[in-house]
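Here is the structure we will look at, set down as structure tokens.
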Amino acid sequence: MPKPISAAEAPSIRVVVVTLDDHLAGAALRCERALQRSIPGLSLAFHSAAMWGEDATALEEAKADIAAGDIILVTMMFMDEHARAIRPALEARRMSCDALVAVMSIPEIAKLTRMGKLVMGGPESGMMAMLKKLRGKSSSGAPSAGAKQMAMLRRLPRLLRFIPGTAQDLRIYFLTLQYWLAGSEENLSALISCLVDRYADGPRKVYRGTLKIADPIDYPDVGIYHPRMKGRIGDDPDQIPARAIGAVREKRGRVGVLVLRSYPLAGNTAHYDGVIASLEARGLEVV
């Protein structure tokens, strides 16, 4: 691996993330600080489309960052009003930025993807046709459909690893999905490193091949969360620590709290932790 770039000679590189909401914003801020050790010129901008209707300046700030961004990642743009608001800015920057990666979004946004040799929105390539055949058809509403698609998503990057050309950019596209869907701070850091290491261009090209890229970390699709459990996330209810009620353990009942997986993975759990603490203070066990 080439020698890492020193802070003195590091060119600036701006990574812009535009997504539906801000549940990953805290993880993004933490990974920005950590990544600046290996990417000294890195700055990360994070924009939530959910804020555009509430804050008159939020959309304009997102557009300004897109206009100046070097690598642009767009996710979860599946509401028409959000897509219409941001699409012109993405189209204007698409061909001049280092890479634009749009995943989990409506076709009008996803087709703006341009990363290396992979340019979506044009005639369907033989590689894309092959992938559609590999994916197959899933019955609408079938309980196993999501699990099969996730299994294929994990398998595709391994299959594409040994195919040259556009397949390598397609591999990064599917890895981006894996990193984002398991959006912990570690996976978000690896995602940004992966995009910078492969697509940084112009004066930023010196970053290419200098970064260590971790594979996506898999987490349980359904599991257990507790703020005082070792690792905070697991799959065994017996890992949940007992809580003493005074000097005596009182069992007044058990409450199941259903939480969205993406929030514990991102470390955005203060709202859940408050509910858990309040219920435990009443002598209840919380799972």
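Every chain in the structure tokens has a letter given in the order shown (A, B, ...), and although residue numbers restart at 1 in each chain, ligands are simply numbered from 1 in the order shown.
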
Skipping near chain neighbours, those fewer than 3 positions away, what residues fall within 10 Å of Pro203 of chain A using only C-alpha atoms, listed as a PyMOL selection string?
-> chain A and resi 10-13+200+206-207

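Using only C-alpha atoms for every distance, the candidate list A:Ile276, A:Leu211, A:Leu29, A:Ala242 yields A:Ile276 as the residue closest to Leu258 of chain A.
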
Could you pull the residues within 9 Å of Met79 of chain A, counting only C-alpha atoms, minus those fewer than 4 positions along the same chain, as a short mmCIF file (atom, residue, chain, number, x, y, z; two decimals) with N, CA and C atoms, in the first residue's frame?
```
data_model
loop_
_atom_site.label_atom_id
_atom_site.label_comp_id
_atom_site.auth_asym_id
_atom_site.auth_seq_id
_atom_site.Cartn_x
_atom_site.Cartn_y
_atom_site.Cartn_z
N LEU A 20 -32.65 11.11 3.28
CA LEU A 20 -34.01 11.46 3.70
C LEU A 20 -34.05 12.18 5.04
N ALA A 83 -37.07 14.77 -4.61
CA ALA A 83 -36.33 14.52 -5.86
C ALA A 83 -36.40 15.73 -6.78
N ARG A 84 -37.58 16.32 -6.92
CA ARG A 84 -37.72 17.49 -7.79
C ARG A 84 -36.89 18.67 -7.29
N SER A 105 -33.15 5.15 -4.40
CA SER A 105 -33.84 6.37 -4.79
C SER A 105 -34.71 6.09 -6.02
N ILE A 106 -35.63 7.02 -6.30
CA ILE A 106 -36.48 6.84 -7.47
C ILE A 106 -35.62 6.86 -8.73
#
```

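If only C-alpha atoms are the atoms counted, then among A:Cys31, A:Val287, A:Met76, A:Ala89 the closest residue to Pro107 of chain A is A:Met76.
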
So, counting only C-alpha atoms, which residue among A:Glu91, A:Arg171, A:Leu44, A:Leu177 is closest to Thr75 of chain A?
-> A:Leu177

Which residues, written as JSON, numbers by chain, have at least one atom at most 10 Å from Ala34 of chain A, with only C-alpha atoms counted and residues fewer than 5 positions away on the same chain left out?
-> {"A": [28, 29, 39, 40, 185, 189]}
